There are 2 protein chains.
Amino acid sequence: MSKVESTATPRSRRGARTALRNIRKQRSTTMLPALKRKLPLVEPMDAEQIEKIDNASMSILEEVGVVFRDPIALEDWKKAGADVRGETVRFDRGLIRELIKTIPSSFTYHARNPDNNLPFGHDHSIFVPMTGAPFIVDLENKRRWPTLEDLANFHKLSHMCPALHSSAHHIVEPMDHVVAHRHLRITYSSMKYSDKTFMGMTTSPKNAEDVMDMCAILFGDEFMETHPVVTGNCNANSPLVWDETMLGAMRAFNKRNQPVLCSPFVLGGANTPASTAPAVAQLNAEALSALAYTQVVRQGCPAIYGHYLSTVSMRSGAPMAGTPEISLMNFMIGQMARFYDIPWRTSTALGGAKTFDAQAGYESATTLMAVIMAGANYCWHSAGWNEAGMHCSMAKFVVDAEQCAMAYRMAEGIRWDDFDEALAAVRDIGPGGHYLGHQHTQNNFQRAFFMPKLFDNNNVEQWQADGSKEINERALEEAKGMLDAYEEPKLDQAIDEALLDYIARRERQIPAVDALNNE
Amino acid sequence: MSKVESTATPRSRRGARTALRNIRKQRSTTMLPALKRKLPLVEPMDAEQIEKIDNASMSILEEVGVVFRDPIALEDWKKAGADVRGETVRFDRGLIRELIKTIPSSFTYHARNPDNNLPFGHDHSIFVPMTGAPFIVDLENKRRWPTLEDLANFHKLSHMCPALHSSAHHIVEPMDHVVAHRHLRITYSSMKYSDKTFMGMTTSPKNAEDVMDMCAILFGDEFMETHPVVTGNCNANSPLVWDETMLGAMRAFNKRNQPVLCSPFVLGGANTPASTAPAVAQLNAEALSALAYTQVVRQGCPAIYGHYLSTVSMRSGAPMAGTPEISLMNFMIGQMARFYDIPWRTSTALGGAKTFDAQAGYESATTLMAVIMAGANYCWHSAGWNEAGMHCSMAKFVVDAEQCAMAYRMAEGIRWDDFDEALAAVRDIGPGGHYLGHQHTQNNFQRAFFMPKLFDNNNVEQWQADGSKEINERALEEAKGMLDAYEEPKLDQAIDEALLDYIARRERQIPAVDALNNE
């Protein structure tokens, strides 16, 4: 029995503490800066094809129109000069172009720890964990309903994974807390267990206002007026519908100058045409209509071109992940977002597998590679997503996070700074030699080649001696080790108390029983 | 018990046959034509950086030189005007450029079934299964030594997978056959169970000559003189050494005008400098020296710029797969091969995992995406590779083959032919509708979105009802079903007999006991 395992005596407890400190030392938890991409992007459309999509989208906006199921938005659009008939809004393309022109093409996300601020837009990318899983596959590899504690654990892991740039929000749904109060606890958890940027709930306009108020406690009201500190997500009901919940939440964010992802929710073939280019034309129209609306609400407010992308199996109607058309659409949408000069969000590590098996690996890696080559700025759902978003896997979460670090390294491109020095090594070693002992190798091995911790590259005998563990098991051990080593980035005590006071007050005000959950 | 399972009566046997015919109908086994890529490539180097690599490689060739451990090659090089001292050959860059100029930049691979001929080079890519595994993970998911029957099964699967363009050669090592005779049985198996192109053994100069003789029986001597019908692989012993076995085999192929892959065997950091760009400079020098030699042997003979790429863990010395630097090197080497206008081979679905778990999925998909974006022509090791090549997995083989079909679809790029028709559907459906019933969807669903057969996208309840099978289990069922449905593409009887006669004669001539295997 090792000292770490025995906690019977003070002496061994000291031993355990030392061992733990060593583990911490081995594990770098310092956040990588926002990725600045240097690899050229995959851009399959020429200028004419980009204009073909743009023109098709503008025709849809002008002639078919978009339904805004929200009286305030309809009133806003009338004032802004759109053609409003019933709930259908038709837009002159000149109006759309005029409105989206004021969306900042880049800005900085401010985190409560300024070291974790993130330049955003253009050639920067950030990786954000998944959101919204109603199930967890937990540390014991069991699929079950998640709790607030599970959510806190995901926020802790987000805090510790260097390539994750955000703690997101409800990575898993905390089912042990009433729906009506959940947004408060989720937001608090994002803020408390990580000092990276995070996401804000948009489950209702009122909930979004609560998030804004909590952000004001954390960052100050005035600061928020001029600094993006949080991100919301608003989904369209494709085809071509925005609803009251999403539009109200959007307004709550935009009024405080906070950005939302304007995200058509694409199930290619079911709610778009069964063809990639036309599907992109439709989702582009949907995104543009919401992006334009953010500027009606508040001119100059940051906003992000979003979407959720899947294609639907024409056999079963099920959404698919990692398919070639999803990659192609990512390449195309990236080009459209850059055409409009608006930062762009996509989804990264999507998997439809039911367990963390090879299917999940293929799906996630394919999508991640496509997204990096497509030049996405806001890489959402970058860790944990499986079963078409129905569960977040603890094991997959830490593996995906390492995959993001690998994609990050690739996107940084080629190093040339040691080229001459390394060529001198080629001369030193000559034919038939080996490089492991050479000074250049010694000087460079730490940074030369990425060494994934969660991939096992030992031979089969060593792997068997280590317990014949597949990556799921190794990743669960890693997640446990990380949570054991977690150190909380303490909130200022006054702020912490103010947040808890706010939550307590709102929980008294909001009825615990609501339409969504009759507990 | 279904009719398919019962074989007791003639009636049920008929039922089984009908069921089998239905399975066959469902499964398309028609080979996809050689992929013609339409996606733009990822090319991270500018012209100056390409010249930097070229210049570094040429300096290595001029000043450090390459060891050719082979008296015939040394003699050839002297005659060709190189500077030969001992076994070290130094080359003027003018000589190298002059020699490689006569390598065809494209050609056609001829298969015994002309429908399976493959245009090769430029923007064409072909997918070729893995080679050389000393172990199989078999249909019962058991890791063991492979047999000739196992090899035949892999050749049958290669024949049936639409996106695999070759049956390769010793996908697994048939351990039940003496080493000295193996090349004969392997070649026969490649030729017999598939009518696609294949690879030829290069395990010794004599073995390579046997392969050439067998190809002459299959295709005719004269035909071979003007038509590439087979591919050999020759590995360098990096850094900068070519040995007698490989050079002798190369000559055997080149004399009959058949192409080999000139493949530096890169363990980045161990036998190259620990840095991507300098590693590429070294392997480029290695490849060029062999490519040039093919033209010394026979001017105008087709040849392929090759390499095997891994990076080495500086912790354990183990080769890694799916790392960011492997992707970067693939992008760079693709640019170098195009700079010299020579067709290019890389490795595709490499995995270091010990089982077909998520690690294998991530590794393989990452590499496949990089290779497609890098524009490789000869995508070797495209199916089955796991455990750093130590085993070929039956399950992974069929999944990888489907992944190749997906990459194929992606690389074909965007379809625009139904754009206007689909936009009309957007107008028909309007906001809030759905597309599944629309005529455009009905007309296009078959080709619109790739539906991977081996990914499960059903919900968890359906997946459980189907037996809670992970992809490994589903893929093994698929492989079994394919082998049950296999139909042999019959060899001409006279050719078949001539091949068997040749093998029988050579097996009498070659001692069964040799240095490699004392059975």
# chains A, B, ... in the order shown; residues from 1 in each chain; ligands from 1

$ residues_around --residues "A:Ser194" --least-positions-apart "4" --cutoff "12 Å" --atoms "only C-alpha atoms" --output "VMD selection string"
chain A and resid 29 to 31 111 to 113 116 151 to 161 164 to 169 187 to 190 198 to 199 486 to 491

$ select_by_dssp --residues "stretch 303-387 of chain B" --states "alpha helix (DSSP H)" --output "PyMOL selection string"
chain B and resi 324-340+358-374

$ select_by_dssp --residues "stretch 170-307 of chain A" --states "strand (DSSP E or B)" --output "PyMOL selection string"
chain A and resi 172+197-199+230-236+241-243+260-268+304-305

$ write_last_selection --atoms "N, CA, C and O atoms" --output "short mmCIF file (atom, residue, chain, number, x, y, z; two decimals), in the first residue's frame"
data_model
loop_
_atom_site.label_atom_id
_atom_site.label_comp_id
_atom_site.auth_asym_id
_atom_site.auth_seq_id
_atom_site.Cartn_x
_atom_site.Cartn_y
_atom_site.Cartn_z
N VAL A 172 -24.01 20.07 -17.68
CA VAL A 172 -25.08 19.10 -17.45
C VAL A 172 -26.22 19.82 -16.73
O VAL A 172 -26.00 20.81 -16.02
N THR A 197 -13.78 32.88 -18.55
CA THR A 197 -15.08 33.39 -18.99
C THR A 197 -16.11 32.26 -18.95
O THR A 197 -15.76 31.09 -18.74
N PHE A 198 -17.37 32.58 -19.11
CA PHE A 198 -18.42 31.57 -18.97
C PHE A 198 -19.60 31.97 -19.85
O PHE A 198 -19.56 32.98 -20.56
N MET A 199 -20.64 31.16 -19.80
CA MET A 199 -21.83 31.44 -20.59
C MET A 199 -23.00 31.75 -19.66
O MET A 199 -23.00 31.37 -18.49
N VAL A 230 -19.64 37.75 -20.85
CA VAL A 230 -20.43 36.52 -20.83
C VAL A 230 -21.02 36.31 -22.23
O VAL A 230 -21.06 37.26 -23.02
N THR A 231 -21.45 35.08 -22.52
CA THR A 231 -22.04 34.78 -23.82
C THR A 231 -23.35 34.04 -23.63
O THR A 231 -23.41 33.09 -22.84
N GLY A 232 -24.38 34.45 -24.33
CA GLY A 232 -25.62 33.70 -24.34
C GLY A 232 -25.77 32.95 -25.64
O GLY A 232 -25.06 33.22 -26.61
N ASN A 233 -26.67 31.98 -25.66
CA ASN A 233 -26.96 31.31 -26.93
C ASN A 233 -28.45 31.39 -27.21
O ASN A 233 -29.27 31.11 -26.34
N CYS A 234 -28.80 31.78 -28.43
CA CYS A 234 -30.20 31.83 -28.84
C CYS A 234 -30.37 31.00 -30.11
O CYS A 234 -29.77 31.29 -31.13
N ASN A 235 -31.19 29.96 -30.01
CA ASN A 235 -31.43 29.08 -31.15
C ASN A 235 -32.64 29.54 -31.95
O ASN A 235 -33.65 29.92 -31.38
N ALA A 236 -32.51 29.45 -33.26
CA ALA A 236 -33.69 29.61 -34.11
C ALA A 236 -34.44 28.29 -34.15
O ALA A 236 -33.85 27.23 -33.95
N VAL A 241 -37.74 30.64 -38.08
CA VAL A 241 -38.57 31.10 -36.96
C VAL A 241 -37.68 31.43 -35.75
O VAL A 241 -36.82 30.63 -35.38
N TRP A 242 -37.89 32.60 -35.16
CA TRP A 242 -37.29 32.95 -33.86
C TRP A 242 -38.43 33.12 -32.87
O TRP A 242 -39.41 33.80 -33.16
N ASP A 243 -38.29 32.52 -31.67
CA ASP A 243 -39.42 32.57 -30.74
C ASP A 243 -39.19 33.59 -29.61
O ASP A 243 -38.12 34.16 -29.45
N VAL A 260 -24.65 37.49 -27.84
CA VAL A 260 -25.25 36.15 -27.93
C VAL A 260 -24.81 35.50 -29.24
O VAL A 260 -24.45 36.17 -30.21
N LEU A 261 -24.84 34.18 -29.22
CA LEU A 261 -24.67 33.37 -30.42
C LEU A 261 -26.03 33.29 -31.11
O LEU A 261 -27.00 32.85 -30.49
N CYS A 262 -26.11 33.75 -32.34
CA CYS A 262 -27.37 33.70 -33.10
C CYS A 262 -27.36 32.40 -33.90
O CYS A 262 -26.78 32.34 -34.97
N SER A 263 -28.02 31.38 -33.37
CA SER A 263 -27.77 30.00 -33.79
C SER A 263 -28.96 29.30 -34.42
O SER A 263 -29.78 28.70 -33.73
N PRO A 264 -29.07 29.32 -35.75
CA PRO A 264 -30.00 28.40 -36.40
C PRO A 264 -29.70 26.98 -35.94
O PRO A 264 -28.53 26.62 -35.76
N PHE A 265 -30.74 26.20 -35.70
CA PHE A 265 -30.55 24.84 -35.20
C PHE A 265 -30.85 23.88 -36.34
O PHE A 265 -31.99 23.53 -36.60
N VAL A 266 -29.78 23.47 -37.01
CA VAL A 266 -29.93 22.78 -38.30
C VAL A 266 -29.93 21.26 -38.14
O VAL A 266 -28.97 20.68 -37.66
N LEU A 267 -31.03 20.66 -38.54
CA LEU A 267 -31.10 19.20 -38.71
C LEU A 267 -31.23 18.99 -40.21
O LEU A 267 -32.33 18.92 -40.75
N GLY A 268 -30.08 18.97 -40.86
CA GLY A 268 -30.03 19.01 -42.33
C GLY A 268 -30.90 17.94 -42.96
O GLY A 268 -30.72 16.75 -42.70
N ILE A 304 -22.50 37.18 -32.34
CA ILE A 304 -21.74 36.08 -32.94
C ILE A 304 -22.64 35.26 -33.86
O ILE A 304 -23.74 34.86 -33.48
N TYR A 305 -22.15 35.07 -35.07
CA TYR A 305 -22.83 34.23 -36.08
C TYR A 305 -22.75 32.79 -35.59
O TYR A 305 -21.66 32.24 -35.45
#

$ residues_around --residues "stretch 391-406 of chain B" --least-positions-apart "3" --cutoff "7 Å" --atoms "only C-alpha atoms" --output "JSON, numbers by chain"
{"A": [323, 324], "B": [133, 134, 135, 136, 137, 138, 139, 161, 163, 164, 172, 349, 356, 382, 383, 384, 385, 386, 387, 409, 410, 454, 472, 475, 476, 479]}

$ write_last_selection --atoms "N, CA and C atoms" --output "PDB file, in the first residue's frame"
ATOM      1  N   THR A 323     -20.291  13.605 -40.141  1.00  0.00           N
ATOM      2  CA  THR A 323     -20.508  13.241 -41.544  1.00  0.00           C
ATOM      3  C   THR A 323     -19.829  14.251 -42.469  1.00  0.00           C
ATOM      4  N   PRO A 324     -19.546  13.819 -43.706  1.00  0.00           N
ATOM      5  CA  PRO A 324     -18.797  14.701 -44.618  1.00  0.00           C
ATOM      6  C   PRO A 324     -19.511  16.021 -44.901  1.00  0.00           C
TER       7      PRO A 324
ATOM      8  N   ALA B 133       0.792  -6.536 -40.498  1.00  0.00           N
ATOM      9  CA  ALA B 133       0.512  -6.774 -39.085  1.00  0.00           C
ATOM     10  C   ALA B 133       0.900  -8.199 -38.685  1.00  0.00           C
ATOM     11  N   PRO B 134       1.722  -8.350 -37.645  1.00  0.00           N
ATOM     12  CA  PRO B 134       2.067  -9.697 -37.167  1.00  0.00           C
ATOM     13  C   PRO B 134       0.947 -10.333 -36.328  1.00  0.00           C
ATOM     14  N   PHE B 135      -0.064  -9.536 -35.957  1.00  0.00           N
ATOM     15  CA  PHE B 135      -1.197 -10.085 -35.210  1.00  0.00           C
ATOM     16  C   PHE B 135      -2.498  -9.639 -35.871  1.00  0.00           C
ATOM     17  N   ILE B 136      -3.528 -10.425 -35.625  1.00  0.00           N
ATOM     18  CA  ILE B 136      -4.878 -10.051 -36.043  1.00  0.00           C
ATOM     19  C   ILE B 136      -5.738  -9.941 -34.793  1.00  0.00           C
ATOM     20  N   VAL B 137      -6.662  -8.991 -34.758  1.00  0.00           N
ATOM     21  CA  VAL B 137      -7.778  -9.100 -33.814  1.00  0.00           C
ATOM     22  C   VAL B 137      -8.949  -9.559 -34.662  1.00  0.00           C
ATOM     23  N   ASP B 138      -9.368 -10.801 -34.432  1.00  0.00           N
ATOM     24  CA  ASP B 138     -10.173 -11.533 -35.411  1.00  0.00           C
ATOM     25  C   ASP B 138     -11.674 -11.325 -35.248  1.00  0.00           C
ATOM     26  N   LEU B 139     -12.434 -12.112 -35.973  1.00  0.00           N
ATOM     27  CA  LEU B 139     -13.899 -11.972 -35.967  1.00  0.00           C
ATOM     28  C   LEU B 139     -14.502 -12.269 -34.601  1.00  0.00           C
ATOM     29  N   CYS B 161     -15.198  -3.502 -50.111  1.00  0.00           N
ATOM     30  CA  CYS B 161     -15.392  -2.140 -49.585  1.00  0.00           C
ATOM     31  C   CYS B 161     -15.249  -1.135 -50.726  1.00  0.00           C
ATOM     32  N   ALA B 163     -14.791   2.034 -51.056  1.00  0.00           N
ATOM     33  CA  ALA B 163     -13.787   3.105 -51.036  1.00  0.00           C
ATOM     34  C   ALA B 163     -12.362   2.566 -50.944  1.00  0.00           C
ATOM     35  N   LEU B 164     -12.193   1.259 -50.834  1.00  0.00           N
ATOM     36  CA  LEU B 164     -10.839   0.693 -50.887  1.00  0.00           C
ATOM     37  C   LEU B 164     -10.523   0.372 -52.348  1.00  0.00           C
ATOM     38  N   VAL B 172      -2.131  -8.885 -43.121  1.00  0.00           N
ATOM     39  CA  VAL B 172      -1.594  -9.578 -41.939  1.00  0.00           C
ATOM     40  C   VAL B 172      -0.559 -10.595 -42.413  1.00  0.00           C
ATOM     41  N   ALA B 349      -4.854   5.741 -41.625  1.00  0.00           N
ATOM     42  CA  ALA B 349      -5.714   5.475 -40.468  1.00  0.00           C
ATOM     43  C   ALA B 349      -4.925   4.906 -39.293  1.00  0.00           C
ATOM     44  N   PHE B 356      -9.845  -1.499 -30.131  1.00  0.00           N
ATOM     45  CA  PHE B 356     -10.569  -0.584 -31.013  1.00  0.00           C
ATOM     46  C   PHE B 356     -11.453   0.318 -30.136  1.00  0.00           C
ATOM     47  N   SER B 382      -4.938   2.545 -44.933  1.00  0.00           N
ATOM     48  CA  SER B 382      -6.230   3.220 -44.808  1.00  0.00           C
ATOM     49  C   SER B 382      -7.258   2.401 -44.044  1.00  0.00           C
ATOM     50  N   ALA B 383      -6.960   1.137 -43.750  1.00  0.00           N
ATOM     51  CA  ALA B 383      -7.957   0.324 -43.047  1.00  0.00           C
ATOM     52  C   ALA B 383      -7.276  -0.729 -42.187  1.00  0.00           C
ATOM     53  N   GLY B 384      -7.679  -0.781 -40.926  1.00  0.00           N
ATOM     54  CA  GLY B 384      -7.315  -1.880 -40.046  1.00  0.00           C
ATOM     55  C   GLY B 384      -6.198  -1.618 -39.053  1.00  0.00           C
ATOM     56  N   TRP B 385      -5.337  -0.652 -39.357  1.00  0.00           N
ATOM     57  CA  TRP B 385      -4.125  -0.428 -38.551  1.00  0.00           C
ATOM     58  C   TRP B 385      -4.459  -0.062 -37.117  1.00  0.00           C
ATOM     59  N   ASN B 386      -3.897  -0.774 -36.173  1.00  0.00           N
ATOM     60  CA  ASN B 386      -3.997  -0.413 -34.755  1.00  0.00           C
ATOM     61  C   ASN B 386      -2.738  -0.893 -34.046  1.00  0.00           C
ATOM     62  N   GLU B 387      -2.584  -0.503 -32.776  1.00  0.00           N
ATOM     63  CA  GLU B 387      -1.453  -0.948 -31.956  1.00  0.00           C
ATOM     64  C   GLU B 387      -0.133  -0.661 -32.689  1.00  0.00           C
ATOM     65  N   ARG B 409     -16.317  11.395 -49.931  1.00  0.00           N
ATOM     66  CA  ARG B 409     -17.462  12.267 -50.187  1.00  0.00           C
ATOM     67  C   ARG B 409     -17.102  13.731 -49.860  1.00  0.00           C
ATOM     68  N   MET B 410     -16.461  13.933 -48.726  1.00  0.00           N
ATOM     69  CA  MET B 410     -16.090  15.305 -48.355  1.00  0.00           C
ATOM     70  C   MET B 410     -15.176  15.914 -49.410  1.00  0.00           C
ATOM     71  N   LEU B 454     -22.059   2.105 -40.004  1.00  0.00           N
ATOM     72  CA  LEU B 454     -21.445   1.568 -38.786  1.00  0.00           C
ATOM     73  C   LEU B 454     -21.480   2.544 -37.607  1.00  0.00           C
ATOM     74  N   ASN B 472     -17.424  -1.703 -32.046  1.00  0.00           N
ATOM     75  CA  ASN B 472     -16.571  -2.867 -32.289  1.00  0.00           C
ATOM     76  C   ASN B 472     -17.435  -4.106 -32.589  1.00  0.00           C
ATOM     77  N   ALA B 475     -19.292  -3.729 -35.918  1.00  0.00           N
ATOM     78  CA  ALA B 475     -18.391  -3.857 -37.064  1.00  0.00           C
ATOM     79  C   ALA B 475     -18.013  -5.315 -37.299  1.00  0.00           C
ATOM     80  N   LEU B 476     -17.858  -6.076 -36.221  1.00  0.00           N
ATOM     81  CA  LEU B 476     -17.556  -7.500 -36.395  1.00  0.00           C
ATOM     82  C   LEU B 476     -18.727  -8.208 -37.069  1.00  0.00           C
ATOM     83  N   ALA B 479     -18.517  -7.334 -40.700  1.00  0.00           N
ATOM     84  CA  ALA B 479     -17.448  -8.075 -41.387  1.00  0.00           C
ATOM     85  C   ALA B 479     -17.886  -9.513 -41.652  1.00  0.00           C
TER      86      ALA B 479
END

$ residues_around --residues "A:Gln299" --least-positions-apart "6" --cutoff "8 Å" --atoms "only C-alpha atoms" --output "ChimeraX atom specification"
/A:99,102-103

$ write_last_selection --atoms "N, CA, C and O atoms" --output "PDB file, in the first residue's frame"
ATOM      1  N   LEU A  99     -27.580  47.044 -40.982  1.00  0.00           N
ATOM      2  CA  LEU A  99     -27.628  46.702 -39.555  1.00  0.00           C
ATOM      3  C   LEU A  99     -26.408  45.885 -39.126  1.00  0.00           C
ATOM      4  O   LEU A  99     -25.787  46.188 -38.100  1.00  0.00           O
ATOM      5  N   THR A 102     -22.631  47.210 -38.043  1.00  0.00           N
ATOM      6  CA  THR A 102     -22.171  47.753 -36.756  1.00  0.00           C
ATOM      7  C   THR A 102     -21.793  46.657 -35.754  1.00  0.00           C
ATOM      8  O   THR A 102     -21.451  46.953 -34.612  1.00  0.00           O
ATOM      9  N   ILE A 103     -21.855  45.394 -36.172  1.00  0.00           N
ATOM     10  CA  ILE A 103     -21.402  44.308 -35.271  1.00  0.00           C
ATOM     11  C   ILE A 103     -19.879  44.314 -35.241  1.00  0.00           C
ATOM     12  O   ILE A 103     -19.238  44.265 -36.294  1.00  0.00           O
TER      13      ILE A 103
END

$ closest_residue --among "A:Cys379, A:Ile60, A:Cys301, A:Ala252" --to "chain B" --atoms "only C-alpha atoms"
A:Ile60

$ residues_around --residues "A:Trp380" --least-positions-apart "2" --cutoff "9 Å" --atoms "only C-alpha atoms" --output "list in words"
Ile126, Phe127, Val128, Pro129, Met130, Thr131, Ala168, Arg345, Thr346, Ser347, Thr348, Ala349, Tyr378, Ser382 and Ala383 of chain A

$ atom_distance --atom1 "atom CA of B:Ala425" --atom2 "atom CA of A:Val89"
19.2 Å

$ atom_distance --atom1 "atom CA of A:Trp463" --atom2 "atom CA of A:Phe450"
20.2 Å

$ closest_residue --among "A:Asp456, A:Gly430, A:Asn443, A:Ser125" --to "B:Ala388" --atoms "only C-alpha atoms"
A:Asp456

$ residues_around --residues "B:Ser313" --least-positions-apart "6" --cutoff "10 Å" --atoms "only C-alpha atoms" --output "list in words"
Phe445, Gln446, Ala448, Phe449, Phe450, Met451, Pro452, Asn457 and Asn458 of chain A; Leu267, Gly268, Gly269, Ala270, Pro319 and Met320 of chain B

$ closest_residue --among "A:Gly200, A:Gly121, A:Gly467, A:Pro259" --to "chain B" --atoms "only C-alpha atoms"
A:Gly467

$ residues_around --residues "stretch 276-288 of chain B" --least-positions-apart "5" --cutoff "9 Å" --atoms "only C-alpha atoms" --output "number ranges by chain"
A: 414-416, 418-420, 422-423, 426, 448-449; B: 52-61, 66, 96-97, 100, 236, 238-242, 262-266, 268-269, 271, 293, 305-307, 325-326, 328-329, 332-333, 336-337

$ write_last_selection --atoms "C-alpha atoms" --output "CSV table (one decimal), in the first residue's frame"
chain,number,residue,atom,x,y,z
A,414,ILE,CA,5.1,25.3,-38.3
A,415,ARG,CA,8.0,26.5,-36.1
A,416,TRP,CA,11.0,27.6,-38.1
A,418,ASP,CA,15.3,26.2,-34.7
A,419,PHE,CA,15.6,25.2,-38.4
A,420,ASP,CA,19.4,25.9,-38.8
A,422,ALA,CA,18.4,21.2,-36.2
A,423,LEU,CA,20.0,21.0,-39.6
A,426,VAL,CA,21.5,16.3,-39.1
A,448,ALA,CA,8.9,19.4,-30.3
A,449,PHE,CA,6.2,16.9,-30.4
B,52,LYS,CA,14.0,26.6,-47.7
B,53,ILE,CA,13.1,22.9,-47.3
B,54,ASP,CA,14.3,22.1,-50.8
B,55,ASN,CA,17.6,23.9,-50.3
B,56,ALA,CA,18.2,22.2,-46.9
B,57,SER,CA,17.5,18.8,-48.4
B,58,MET,CA,19.8,19.5,-51.3
B,59,SER,CA,22.5,20.6,-49.0
B,60,ILE,CA,22.1,17.3,-47.0
B,61,LEU,CA,22.4,15.4,-50.3
B,66,VAL,CA,23.2,9.1,-48.2
B,96,ILE,CA,19.1,15.0,-58.4
B,97,ARG,CA,16.8,17.5,-60.3
B,100,ILE,CA,13.7,13.1,-60.9
B,236,ALA,CA,14.7,3.9,-45.9
B,238,SER,CA,16.3,6.8,-41.5
B,239,PRO,CA,18.5,8.8,-41.1
B,240,LEU,CA,19.9,8.6,-44.6
B,241,VAL,CA,20.4,4.9,-45.2
B,242,TRP,CA,19.0,2.6,-47.9
B,262,CYS,CA,10.3,5.5,-51.8
B,263,SER,CA,9.5,5.7,-48.1
B,264,PRO,CA,11.7,7.1,-45.4
B,265,PHE,CA,10.6,5.5,-42.1
B,266,VAL,CA,10.3,8.5,-39.8
B,268,GLY,CA,10.2,11.9,-35.5
B,269,GLY,CA,12.7,12.8,-32.7
B,271,ASN,CA,15.7,9.1,-36.3
B,293,TYR,CA,17.8,6.1,-58.0
B,305,TYR,CA,7.3,9.9,-53.1
B,306,GLY,CA,6.7,8.0,-49.8
B,307,HIS,CA,7.2,8.0,-46.1
B,325,GLU,CA,3.0,17.4,-35.8
B,326,ILE,CA,2.1,14.4,-37.9
B,328,LEU,CA,1.7,19.4,-40.0
B,329,MET,CA,4.3,17.2,-41.6
B,332,MET,CA,4.3,20.1,-45.7
B,333,ILE,CA,5.3,16.9,-47.5
B,336,MET,CA,7.1,19.2,-51.4
B,337,ALA,CA,5.9,16.3,-53.5

$ atom_distance --atom1 "atom CA of A:Glu477" --atom2 "atom CA of A:Lys142"
14.3 Å
